[in-house]
>>> print(open('model-v6.txt').read())   # compact mmCIF, C-alpha atoms
# COMPACT_ATOMS: atom_id res chain seq x y z
CA MET A 10 -57.25 86.14 64.95
CA THR A 11 -55.55 82.74 64.69
CA THR A 12 -51.98 81.97 63.75
CA HIS A 13 -51.59 78.95 61.50
CA ALA A 14 -48.22 77.24 61.15
CA ILE A 15 -47.65 75.77 57.67
CA SER A 16 -45.27 72.84 57.73
CA GLY A 17 -44.86 69.34 56.40
CA PRO A 18 -46.45 66.26 57.99
CA CYS A 19 -44.66 64.06 60.51
CA PHE A 20 -44.91 60.28 60.46
CA GLU A 21 -47.78 60.27 62.99
CA ASP A 22 -49.89 62.35 60.58
CA PHE A 23 -50.14 59.61 57.94
CA HIS A 24 -52.77 56.90 57.68
CA HIS A 25 -53.58 54.22 55.13
CA GLY A 26 -55.62 55.56 52.24
CA LEU A 27 -54.66 59.22 52.72
CA GLU A 28 -54.70 60.89 49.29
CA PHE A 29 -53.52 64.25 48.02
CA ASP A 30 -52.85 66.04 44.76
CA ALA A 31 -50.77 69.01 43.62
CA PRO A 32 -50.98 71.87 41.13
CA ALA A 33 -51.04 70.53 37.58
CA VAL A 34 -48.11 71.49 35.35
CA THR A 35 -48.26 72.25 31.62
CA LEU A 36 -44.87 71.45 30.12
CA GLY A 37 -43.26 73.73 27.55
CA ALA A 38 -40.05 75.06 26.08
CA GLY A 39 -39.02 76.79 29.31
CA HIS A 40 -39.02 73.53 31.24
CA ALA A 41 -37.07 71.85 28.45
CA ALA A 42 -34.45 74.62 28.36
CA TRP A 43 -33.88 74.37 32.13
CA HIS A 44 -33.53 70.60 31.94
CA GLN A 45 -31.03 70.85 29.08
CA ALA A 46 -28.98 73.54 30.83
CA LEU A 47 -28.72 71.46 33.98
CA PHE A 48 -27.79 68.11 32.43
CA GLY A 49 -26.52 68.55 28.87
CA ASP A 50 -28.50 65.46 27.91
CA ARG A 51 -27.99 64.18 24.32
CA LEU A 52 -31.23 62.22 23.86
CA ARG A 53 -32.12 63.06 20.27
CA LEU A 54 -35.91 63.40 20.20
CA PRO A 55 -36.31 66.14 22.84
CA LEU A 56 -33.53 68.12 21.11
CA ASP A 57 -34.66 67.75 17.47
CA HIS A 58 -38.30 68.75 17.03
CA HIS A 59 -38.46 67.79 13.34
CA THR A 60 -37.17 64.29 14.03
CA SER A 61 -39.47 64.03 17.05
CA THR A 62 -42.46 64.70 14.78
CA ALA A 63 -41.24 62.29 12.10
CA ILE A 64 -40.81 59.45 14.60
CA THR A 65 -43.67 60.01 17.06
CA GLY A 66 -46.22 61.39 14.59
CA THR A 67 -47.06 64.19 17.04
CA SER A 68 -46.56 67.78 15.89
CA ALA A 69 -45.62 69.01 19.38
CA ALA A 70 -42.04 68.26 20.41
CA MET A 71 -41.45 65.35 22.77
CA VAL A 72 -40.58 66.22 26.36
CA HIS A 73 -37.59 64.39 27.82
CA PRO A 74 -39.03 61.39 29.70
CA LEU A 75 -36.98 62.16 32.81
CA LEU A 76 -38.26 65.75 32.86
CA ALA A 77 -41.83 64.42 32.95
CA ILE A 78 -40.87 61.94 35.67
CA ASN A 79 -39.21 64.71 37.68
CA ILE A 80 -42.38 66.81 37.60
CA ALA A 81 -44.49 63.84 38.72
CA ILE A 82 -42.13 63.13 41.63
CA GLY A 83 -42.18 66.81 42.63
CA GLN A 84 -45.98 66.78 42.60
CA SER A 85 -45.92 63.94 45.14
CA THR A 86 -43.71 65.67 47.71
CA TRP A 87 -46.33 67.18 50.02
CA ALA A 88 -45.88 63.94 51.97
CA SER A 89 -42.09 64.14 52.04
CA GLN A 90 -41.44 67.74 53.01
CA ARG A 91 -39.54 66.49 56.09
CA VAL A 92 -37.84 63.63 54.24
CA LYS A 93 -34.65 62.19 55.71
CA ALA A 94 -34.03 59.95 52.70
CA ASN A 95 -35.95 58.47 49.79
CA LEU A 96 -35.24 54.77 50.02
CA PHE A 97 -36.40 53.47 46.66
CA TYR A 98 -38.59 53.81 43.62
CA ARG A 99 -40.48 50.75 42.38
CA GLY A 100 -42.39 49.78 39.27
CA LEU A 101 -42.11 53.11 37.43
CA ILE A 102 -43.50 52.82 33.89
CA LEU A 103 -43.89 55.63 31.36
CA HIS A 104 -47.07 54.50 29.64
CA ARG A 105 -47.01 57.17 26.91
CA SER A 106 -44.70 59.90 25.71
CA VAL A 107 -45.23 63.49 26.87
CA HIS A 108 -45.17 66.46 24.47
CA PHE A 109 -45.07 70.26 24.70
CA GLY A 110 -48.47 71.49 25.83
CA ASP A 111 -49.32 68.35 27.79
CA THR A 112 -50.47 68.93 31.37
CA LEU A 113 -49.51 66.49 34.11
CA TYR A 114 -51.81 65.76 37.06
CA THR A 115 -50.44 63.56 39.86
CA ARG A 116 -52.48 61.97 42.63
CA THR A 117 -50.65 60.32 45.54
CA LYS A 118 -51.96 57.73 48.00
CA VAL A 119 -50.46 56.33 51.22
CA VAL A 120 -50.39 52.53 50.84
CA GLY A 121 -48.00 51.44 53.59
CA LEU A 122 -46.50 52.57 56.91
CA ARG A 123 -43.61 51.10 58.89
CA GLN A 124 -41.88 52.64 61.88
CA ASN A 125 -38.15 52.05 62.00
CA LYS A 126 -36.62 50.20 64.93
CA THR A 127 -35.79 52.53 67.78
CA GLN A 128 -32.13 53.20 68.45
CA ALA A 129 -30.44 54.86 71.39
CA ASN A 130 -29.80 58.58 70.94
CA ARG A 131 -31.73 58.64 67.66
CA ALA A 132 -35.18 60.19 67.25
CA ALA A 133 -37.97 57.96 65.97
CA THR A 134 -38.63 57.79 62.22
CA GLY A 135 -40.91 55.87 59.89
CA ILE A 136 -41.21 54.93 56.24
CA VAL A 137 -44.23 55.97 54.20
CA ALA A 138 -45.04 53.95 51.07
CA LEU A 139 -46.63 56.16 48.41
CA GLU A 140 -48.38 55.15 45.20
CA MET A 141 -48.41 57.78 42.43
CA THR A 142 -50.58 57.95 39.33
CA THR A 143 -49.97 60.72 36.78
CA THR A 144 -52.47 61.50 34.03
CA ASN A 145 -52.55 64.03 31.21
CA GLN A 146 -55.22 66.53 30.14
CA ARG A 147 -57.05 63.76 28.28
CA GLY A 148 -57.27 61.58 31.38
CA GLU A 149 -54.75 59.08 30.00
CA THR A 150 -52.31 57.43 32.41
CA VAL A 151 -48.80 58.73 31.80
CA LEU A 152 -46.95 57.33 34.82
CA HIS A 153 -47.58 54.91 37.63
CA PHE A 154 -45.04 54.11 40.37
CA TRP A 155 -44.28 53.75 44.08
CA ARG A 156 -41.68 55.37 46.31
CA CYS A 157 -40.80 55.24 50.02
CA PRO A 158 -39.55 58.34 51.88
CA MET A 159 -38.28 58.18 55.47
CA ILE A 160 -40.09 60.74 57.65
CA PRO A 161 -39.32 61.82 61.24
CA CYS A 162 -41.85 61.35 64.03
CA ARG A 163 -43.13 64.42 65.84
CA ASP A 164 -42.46 62.68 69.16
CA PRO A 165 -38.78 61.58 69.23
CA ALA A 166 -39.81 58.63 71.42
CA ALA A 167 -42.97 57.74 69.47
CA THR A 168 -44.27 54.19 69.20
CA THR A 169 -46.86 54.15 66.43
CA GLY A 170 -47.28 50.42 65.95
CA HIS A 171 -47.05 50.72 62.16
CA ALA A 172 -45.26 47.61 60.86
CA ASP A 173 -46.32 46.99 57.24
CA ASP A 174 -44.19 44.68 55.10
CA LEU A 175 -42.89 47.15 52.54
CA ASP A 176 -41.48 44.36 50.37
CA ARG A 177 -45.08 43.70 49.40
CA ILE A 178 -45.66 47.29 48.33
CA GLY A 179 -45.78 47.94 44.61
CA ALA A 180 -44.93 45.73 41.69
CA ALA A 181 -41.62 45.62 39.85
CA ALA A 182 -41.79 46.45 36.15
CA THR A 183 -41.68 43.16 34.26
CA GLN A 184 -40.47 42.56 30.72
CA ALA A 185 -44.09 42.14 29.63
CA ASP A 186 -45.01 45.49 31.24
CA VAL A 187 -42.18 47.22 29.38
CA ILE A 188 -43.14 45.74 26.01
CA ALA A 189 -46.77 46.72 26.58
CA ALA A 190 -45.72 50.33 27.27
CA LEU A 191 -43.76 50.70 24.01
CA PRO A 192 -45.25 53.33 21.64
CA LYS A 193 -46.86 51.24 18.89
CA HIS A 194 -47.13 53.93 16.19
CA TRP A 195 -43.57 55.28 16.10
CA ASN A 196 -41.82 55.23 12.71
CA LEU A 197 -38.08 54.67 13.01
CA ALA A 198 -37.24 55.16 9.31
CA SER A 199 -35.41 58.44 9.97
CA THR A 200 -33.06 56.75 12.44
CA GLN A 201 -31.34 54.76 9.68
CA HIS A 202 -28.87 57.58 8.91
CA TRP A 203 -27.88 58.12 12.55
CA LEU A 204 -24.23 57.45 13.25
CA GLY A 205 -22.61 56.18 16.44
CA TRP A 206 -23.10 53.10 18.56
CA ARG A 207 -26.35 51.30 17.74
CA GLN A 208 -28.14 48.67 19.78
CA ASP A 209 -26.99 45.79 17.54
CA ALA A 210 -23.36 46.58 18.38
CA LEU A 211 -24.01 45.82 22.04
CA THR A 212 -23.65 42.42 23.68
CA ILE A 213 -25.31 41.26 26.87
CA GLY A 214 -22.70 41.59 29.60
CA ASP A 215 -20.93 44.62 28.07
CA HIS A 216 -19.59 46.98 30.76
CA ILE A 217 -19.24 50.63 29.74
CA VAL A 218 -17.30 53.29 31.65
CA VAL A 219 -18.06 56.93 30.85
CA GLU A 220 -14.96 59.01 31.55
CA ALA A 221 -16.43 62.53 31.54
CA ARG A 222 -17.77 63.64 34.90
CA ASP A 223 -20.29 66.34 35.79
CA THR A 224 -20.23 68.67 38.78
CA VAL A 225 -23.61 69.08 40.50
CA THR A 226 -24.84 72.68 40.25
CA CYS A 227 -28.20 74.47 40.50
CA ALA A 228 -29.69 71.70 42.66
CA PRO A 229 -32.24 73.94 44.48
CA GLU A 230 -33.34 75.42 41.16
CA LEU A 231 -34.31 71.99 39.82
CA VAL A 232 -36.16 71.32 43.08
CA ARG A 233 -38.21 74.50 42.72
CA LEU A 234 -38.86 73.96 39.01
CA SER A 235 -40.41 70.57 39.75
CA LEU A 236 -42.53 71.77 42.72
CA ASN A 237 -40.47 69.57 45.04
CA MET A 238 -41.29 70.56 48.64
CA ALA A 239 -38.62 68.58 50.51
CA MET A 240 -37.03 71.07 52.89
CA ALA A 241 -33.66 69.30 53.11
CA HIS A 242 -33.07 70.21 49.44
CA THR A 243 -33.37 73.95 50.01
CA ASP A 244 -32.51 74.50 53.71
CA SER A 245 -29.18 73.21 55.00
CA ALA A 246 -30.34 73.67 58.61
CA VAL A 247 -32.83 70.79 58.32
CA SER A 248 -30.43 68.42 56.58
CA TYR A 249 -28.81 65.80 58.80
CA LEU A 250 -25.46 66.56 57.10
CA GLY A 251 -25.68 70.30 57.75
CA GLU A 252 -25.58 70.90 53.97
CA ARG A 253 -28.40 70.89 51.45
CA LEU A 254 -29.08 67.38 50.17
CA VAL A 255 -29.29 67.11 46.41
CA PHE A 256 -32.62 65.76 45.14
CA GLY A 257 -32.13 62.12 44.15
CA GLY A 258 -33.60 62.80 40.72
CA HIS A 259 -30.72 65.18 40.05
CA THR A 260 -28.32 62.25 40.38
CA ILE A 261 -30.51 60.03 38.19
CA PHE A 262 -30.78 62.65 35.44
CA THR A 263 -27.02 63.30 35.46
CA CYS A 264 -26.39 59.56 35.26
CA PHE A 265 -28.73 59.20 32.27
CA ALA A 266 -27.20 62.20 30.50
CA GLN A 267 -23.78 60.57 30.82
CA ILE A 268 -25.19 57.35 29.36
CA THR A 269 -26.49 59.26 26.31
CA ARG A 270 -22.87 60.19 25.55
CA ALA A 271 -22.05 56.50 25.22
CA LEU A 272 -25.33 55.48 23.55
CA PRO A 273 -26.21 58.32 21.14
CA ASN A 274 -29.08 56.43 19.47
CA LEU A 275 -31.37 55.96 22.46
CA LEU A 276 -34.96 56.87 21.59
CA THR A 277 -36.62 57.08 24.99
CA LEU A 278 -36.74 55.63 28.47
CA ILE A 279 -39.66 53.26 29.12
CA ALA A 280 -39.43 52.02 32.74
CA TRP A 281 -37.40 51.79 35.94
CA GLU A 282 -37.03 48.27 37.25
CA ASN A 283 -35.41 49.46 40.46
CA CYS A 284 -33.75 52.64 41.66
CA ASP A 285 -31.85 52.69 44.96
CA HIS A 286 -30.10 55.73 46.41
CA LEU A 287 -27.03 54.37 48.21
CA ALA A 288 -25.61 57.55 49.75
CA PRO A 289 -26.32 61.30 49.79
CA VAL A 290 -25.14 63.71 47.09
CA LEU A 291 -24.16 67.31 47.83
CA GLU A 292 -23.88 70.35 45.59
CA GLY A 293 -20.39 70.46 44.10
CA ASP A 294 -19.99 66.66 44.02
CA ARG A 295 -18.41 65.28 40.86
CA LEU A 296 -20.52 62.46 39.42
CA ARG A 297 -19.42 59.67 37.08
CA THR A 298 -21.26 56.70 35.61
CA THR A 299 -20.62 53.11 34.59
CA PHE A 300 -23.28 50.79 33.21
CA ASP A 301 -23.90 47.23 32.07
CA ILE A 302 -26.09 45.78 29.32
CA ARG A 303 -28.29 43.17 31.01
CA ASP A 304 -30.68 42.29 28.19
CA ARG A 305 -31.50 43.21 24.58
CA ILE A 306 -34.92 42.46 23.06
CA PRO A 307 -35.63 43.24 19.37
CA VAL A 308 -38.66 45.46 18.78
CA GLU A 309 -41.06 44.88 15.87
CA GLN A 310 -41.02 48.56 14.85
CA GLY A 311 -37.21 48.53 14.80
CA GLY A 312 -34.32 48.79 17.22
CA ALA A 313 -34.33 46.98 20.53
CA LEU A 314 -35.23 47.32 24.17
CA LEU A 315 -32.13 47.55 26.34
CA ARG A 316 -32.15 46.59 30.01
CA ILE A 317 -29.38 48.62 31.60
CA THR A 318 -27.99 48.63 35.13
CA ALA A 319 -26.21 51.89 35.94
CA GLN A 320 -23.93 52.75 38.83
CA CYS A 321 -23.22 56.38 39.70
CA TYR A 322 -20.37 57.53 41.94
CA ALA A 323 -19.89 60.86 43.71
CA ALA A 324 -16.46 62.33 44.47
CA ARG A 325 -15.86 65.26 46.77
CA SER A 326 -13.04 67.00 48.61
CA LEU A 327 -9.35 67.05 47.75
CA PRO A 328 -7.80 64.55 47.90
CA GLU A 329 -10.91 62.93 46.47
CA SER A 330 -13.09 60.49 48.33
CA GLU A 331 -15.52 58.61 46.06
CA THR A 332 -18.74 56.86 47.09
CA ALA A 333 -21.32 54.81 45.19
CA VAL A 334 -24.55 56.84 45.30
CA LEU A 335 -26.94 55.19 42.82
CA ASP A 336 -27.86 51.67 41.68
CA TRP A 337 -30.43 51.95 38.89
CA THR A 338 -31.86 49.37 36.48
CA PHE A 339 -34.01 50.71 33.67
CA TRP A 340 -35.38 49.85 30.22
CA ALA A 341 -34.74 52.09 27.23
CA TRP A 342 -35.58 51.82 23.53
CA SER A 343 -32.60 52.24 21.20
CA ALA A 344 -32.27 52.44 17.42
>>> encode(input="model-v6.txt", output="structure tokens")
Amino acid sequence: MTTHAISGPCFEDFHHGLEFDAPAVTLGAGHAAWHQALFGDRLRLPLDHHTSTAITGTSAAMVHPLLAINIAIGQSTWASQRVKANLFYRGLILHRSVHFGDTLYTRTKVVGLRQNKTQANRAATGIVALEMTTTNQRGETVLHFWRCPMIPCRDPAATTGHADDLDRIGAAATQADVIAALPKHWNLASTQHWLGWRQDALTIGDHIVVEARDTVTCAPELVRLSLNMAMAHTDSAVSYLGERLVFGGHTIFTCFAQITRALPNLLTLIAWENCDHLAPVLEGDRLRTTFDIRDRIPVEQGGALLRITAQCYAARSLPESETAVLDWTFWAWSA
């Protein structure tokens, strides 16, 4: 008999072109209920199935775009089970909306490797550039993006020779990419009676501060729901802080939920231009959000595309100490 140890890969285990997949996930009401309970998001279409059908023309209710993105990220985490940090996301575009009953399949490929500079008294680590493509049950591309987790080396003194230029990895989402990804068949007639701040009341350069904060709870539950395998999110003993690290998506989703309080007529999120995690978040942190309107482009079907840069801050302890934890620029469609 042979004993097999099941554990995540170390940096030395990766090579260019390595590919892997994950169990496919069919999204339904249970996933939506969990997402809503965790974040209290006020995006209208995932909450109102009748309006979702009227606007999208699809009888099945629309899944929150960030829930679909979360599942796709989780499906890519075989590579990042030992992750120390996820440095950035790049070029994420939601090419089509996701609805109840849709099944997401994500395939991940290693496209870059760079070992970090060695430092005294610090074990060797490297950065793995991953390219993700998510399709649905019809073979249509739903998502395409890149991310870069930092992974420890098996040998603390390893010298792997990997030195790829990660600035060349991936492609930032351009304005043309975002416009091309807009749903072309949506009918916005039913949005005319919506009250609250609309896109035409916003001016480029506006800075919005959302007062209400949210305390991070149920972080491991979101990790498990999304098939996320990163051990630092569920086991405090493998976290460099000695406490479970909160999945970066948890911070992103909380930030977006806070933005929906200020902008109640957002229709959907289309793309991430950049997304940088600036510092770790821990369970129990109190998160708040500010954001700026960077651009506003009228859409032929109605409303406008908004380019938004959001900053999220985490406060902990008493007296409070607050730290910037997220710098995120994204495109959303607003009535």
>>> closest_residue(input="model-v6.txt", among="A:Val34, A:Leu335, A:Cys19, A:Ala198", to="Thr134 of chain A", atoms="only C-alpha atoms")
A:Cys19
>>> closest_residue(input="model-v6.txt", among="A:Leu175, A:Leu197, A:Val219, A:Leu327", to="Thr65 of chain A", atoms="all atoms listed in the file")
A:Leu197
>>> closest_residue(input="model-v6.txt", among="A:Ala69, A:Ala166, A:Leu291, A:Ala190", to="Thr277 of chain A", atoms="all atoms listed in the file")
A:Ala190
>>> closest_residue(input="model-v6.txt", among="A:Ile317, A:Ala181, A:Met240, A:Val247", to="Ile217 of chain A", atoms="only C-alpha atoms")
A:Ile317
>>> closest_residue(input="model-v6.txt", among="A:Thr67, A:Thr86, A:Ser235, A:Thr224", to="Leu36 of chain A", atoms="only C-alpha atoms")
A:Ser235
>>> closest_residue(input="model-v6.txt", among="A:Glu331, A:Asp174, A:Asp301, A:Glu140", to="Leu211 of chain A", atoms="only C-alpha atoms")
A:Asp301
>>> atom_distance(input="model-v6.txt", atom1="atom CA of Asp304 of chain A", atom2="atom CA of Ile213 of chain A")
5.6 Å
>>> residues_around(input="model-v6.txt", residues="Gly251 of chain A", least_positions_apart="6", cutoff="12 Å", atoms="only C-alpha atoms", output="ChimeraX atom specification")
/A:241-245,291
>>> atom_distance(input="model-v6.txt", atom1="atom CA of Ala266 of chain A", atom2="atom CA of Phe339 of chain A")
13.7 Å
>>> atom_distance(input="model-v6.txt", atom1="atom CA of Gly26 of chain A", atom2="atom CA of Gly121 of chain A")
8.8 Å
>>> residues_around(input="model-v6.txt", residues="segment 50-58 of chain A", least_positions_apart="3", cutoff="6 Å", atoms="all atoms listed in the file", output="count of residues only")
7
>>> axis_aligned_box(input="model-v6.txt", around="segment 279-284 of chain A", padding_each_side="8 Å", output="lines of an AutoDock Vina configuration file")
center_x = -36.7
center_y = 50.8
center_z = 35.4
size_x = 21.9
size_y = 21.0
size_z = 28.5
>>> residues_near_point(input="model-v6.txt", point="(-48.3, 58.1, 35.6)", cutoff="7 Å", atoms="only C-alpha atoms", output="NGL selection string")
:A and (103 or 141-144 or 150-153)
>>> residues_around(input="model-v6.txt", residues="Pro289 of chain A", least_positions_apart="2", cutoff="8 Å", atoms="all atoms listed in the file", output="compact mmCIF listing (two decimals) with C-alpha atoms, keeping the file's coordinate frame")
# COMPACT_ATOMS: atom_id res chain seq x y z
CA LEU A 254 -29.08 67.38 50.17
CA VAL A 255 -29.29 67.11 46.41
CA HIS A 286 -30.10 55.73 46.41
CA LEU A 287 -27.03 54.37 48.21
CA LEU A 291 -24.16 67.31 47.83
CA VAL A 334 -24.55 56.84 45.30
>>> residues_around(input="model-v6.txt", residues="segment 319-324 of chain A", least_positions_apart="5", cutoff="8 Å", atoms="only C-alpha atoms", output="tab-separated table (two decimals) with C-alpha atoms, in the frame of the given file")
chain	number	residue	atom	x	y	z
A	260	THR	CA	-28.32	62.25	40.38
A	264	CYS	CA	-26.39	59.56	35.26
A	290	VAL	CA	-25.14	63.71	47.09
A	294	ASP	CA	-19.99	66.66	44.02
A	295	ARG	CA	-18.41	65.28	40.86
A	296	LEU	CA	-20.52	62.46	39.42
A	297	ARG	CA	-19.42	59.67	37.08
A	298	THR	CA	-21.26	56.70	35.61
A	299	THR	CA	-20.62	53.11	34.59
A	300	PHE	CA	-23.28	50.79	33.21
A	301	ASP	CA	-23.90	47.23	32.07
A	329	GLU	CA	-10.91	62.93	46.47
A	330	SER	CA	-13.09	60.49	48.33
A	331	GLU	CA	-15.52	58.61	46.06
A	332	THR	CA	-18.74	56.86	47.09
A	333	ALA	CA	-21.32	54.81	45.19
A	334	VAL	CA	-24.55	56.84	45.30
A	335	LEU	CA	-26.94	55.19	42.82
A	336	ASP	CA	-27.86	51.67	41.68
A	337	TRP	CA	-30.43	51.95	38.89
A	338	THR	CA	-31.86	49.37	36.48
>>> residues_around(input="model-v6.txt", residues="Asn145 of chain A", least_positions_apart="2", cutoff="9 Å", atoms="all atoms listed in the file", output="list of chain:residue names")
A:Val107, A:Asp111, A:Thr112, A:Leu113, A:Tyr114, A:Thr115, A:Thr143, A:Arg147, A:Gly148, A:Glu149, A:Thr150, A:Val151
>>> write_last_selection(input="model-v6.txt", atoms="C-alpha atoms", output="PDB file, in the frame of the given file")
ATOM      1  CA  VAL A 107     -45.230  63.490  26.870  1.00  0.00           C
ATOM      2  CA  ASP A 111     -49.320  68.350  27.790  1.00  0.00           C
ATOM      3  CA  THR A 112     -50.470  68.930  31.370  1.00  0.00           C
ATOM      4  CA  LEU A 113     -49.510  66.490  34.110  1.00  0.00           C
ATOM      5  CA  TYR A 114     -51.810  65.760  37.060  1.00  0.00           C
ATOM      6  CA  THR A 115     -50.440  63.560  39.860  1.00  0.00           C
ATOM      7  CA  THR A 143     -49.970  60.720  36.780  1.00  0.00           C
ATOM      8  CA  ARG A 147     -57.050  63.760  28.280  1.00  0.00           C
ATOM      9  CA  GLY A 148     -57.270  61.580  31.380  1.00  0.00           C
ATOM     10  CA  GLU A 149     -54.750  59.080  30.000  1.00  0.00           C
ATOM     11  CA  THR A 150     -52.310  57.430  32.410  1.00  0.00           C
ATOM     12  CA  VAL A 151     -48.800  58.730  31.800  1.00  0.00           C
TER      13      VAL A 151
END
>>> residues_near_point(input="model-v6.txt", point="(-23.2, 51.5, 16.4)", cutoff="12 Å", atoms="only C-alpha atoms", output="list of chain:residue names")
A:Thr200, A:Gln201, A:His202, A:Trp203, A:Leu204, A:Gly205, A:Trp206, A:Arg207, A:Gln208, A:Asp209, A:Ala210, A:Leu211, A:Thr212, A:Ala271, A:Leu272, A:Pro273, A:Asn274, A:Leu275, A:Gly312, A:Ser343, A:Ala344
>>> build_atoms(input="model-v6.txt", residues="segment 317-329 of chain A", atoms="N, CA and C atoms", output="PDB file, keeping the file's coordinate frame")
ATOM      1  N   ILE A 317     -30.668  48.051  31.208  1.00  0.00           N
ATOM      2  CA  ILE A 317     -29.380  48.620  31.600  1.00  0.00           C
ATOM      3  C   ILE A 317     -29.332  48.781  33.118  1.00  0.00           C
ATOM      4  N   THR A 318     -28.237  48.350  33.719  1.00  0.00           N
ATOM      5  CA  THR A 318     -27.990  48.630  35.130  1.00  0.00           C
ATOM      6  C   THR A 318     -26.867  49.655  35.223  1.00  0.00           C
ATOM      7  N   ALA A 319     -27.178  50.792  35.833  1.00  0.00           N
ATOM      8  CA  ALA A 319     -26.210  51.890  35.940  1.00  0.00           C
ATOM      9  C   ALA A 319     -25.771  52.069  37.380  1.00  0.00           C
ATOM     10  N   GLN A 320     -24.491  52.409  37.523  1.00  0.00           N
ATOM     11  CA  GLN A 320     -23.930  52.750  38.830  1.00  0.00           C
ATOM     12  C   GLN A 320     -23.363  54.165  38.726  1.00  0.00           C
ATOM     13  N   CYS A 321     -23.740  55.011  39.677  1.00  0.00           N
ATOM     14  CA  CYS A 321     -23.220  56.380  39.700  1.00  0.00           C
ATOM     15  C   CYS A 321     -22.408  56.579  40.969  1.00  0.00           C
ATOM     16  N   TYR A 322     -21.296  57.296  40.833  1.00  0.00           N
ATOM     17  CA  TYR A 322     -20.370  57.530  41.940  1.00  0.00           C
ATOM     18  C   TYR A 322     -20.155  59.025  42.122  1.00  0.00           C
ATOM     19  N   ALA A 323     -20.108  59.460  43.385  1.00  0.00           N
ATOM     20  CA  ALA A 323     -19.890  60.860  43.710  1.00  0.00           C
ATOM     21  C   ALA A 323     -18.530  61.029  44.373  1.00  0.00           C
ATOM     22  N   ALA A 324     -17.760  61.990  43.874  1.00  0.00           N
ATOM     23  CA  ALA A 324     -16.460  62.330  44.470  1.00  0.00           C
ATOM     24  C   ALA A 324     -16.536  63.735  45.032  1.00  0.00           C
ATOM     25  N   ARG A 325     -15.921  63.921  46.187  1.00  0.00           N
ATOM     26  CA  ARG A 325     -15.860  65.260  46.770  1.00  0.00           C
ATOM     27  C   ARG A 325     -14.556  65.416  47.517  1.00  0.00           C
ATOM     28  N   SER A 326     -14.232  66.632  47.842  1.00  0.00           N
ATOM     29  CA  SER A 326     -13.040  67.000  48.610  1.00  0.00           C
ATOM     30  C   SER A 326     -11.766  66.767  47.794  1.00  0.00           C
ATOM     31  N   LEU A 327     -10.688  67.285  48.305  1.00  0.00           N
ATOM     32  CA  LEU A 327      -9.350  67.050  47.750  1.00  0.00           C
ATOM     33  C   LEU A 327      -8.416  66.729  48.908  1.00  0.00           C
ATOM     34  N   PRO A 328      -7.725  65.579  48.929  1.00  0.00           N
ATOM     35  CA  PRO A 328      -7.800  64.550  47.900  1.00  0.00           C
ATOM     36  C   PRO A 328      -9.194  63.920  47.852  1.00  0.00           C
ATOM     37  N   GLU A 329      -9.553  63.397  46.688  1.00  0.00           N
ATOM     38  CA  GLU A 329     -10.910  62.930  46.470  1.00  0.00           C
ATOM     39  C   GLU A 329     -11.253  61.697  47.297  1.00  0.00           C
TER      40      GLU A 329
END
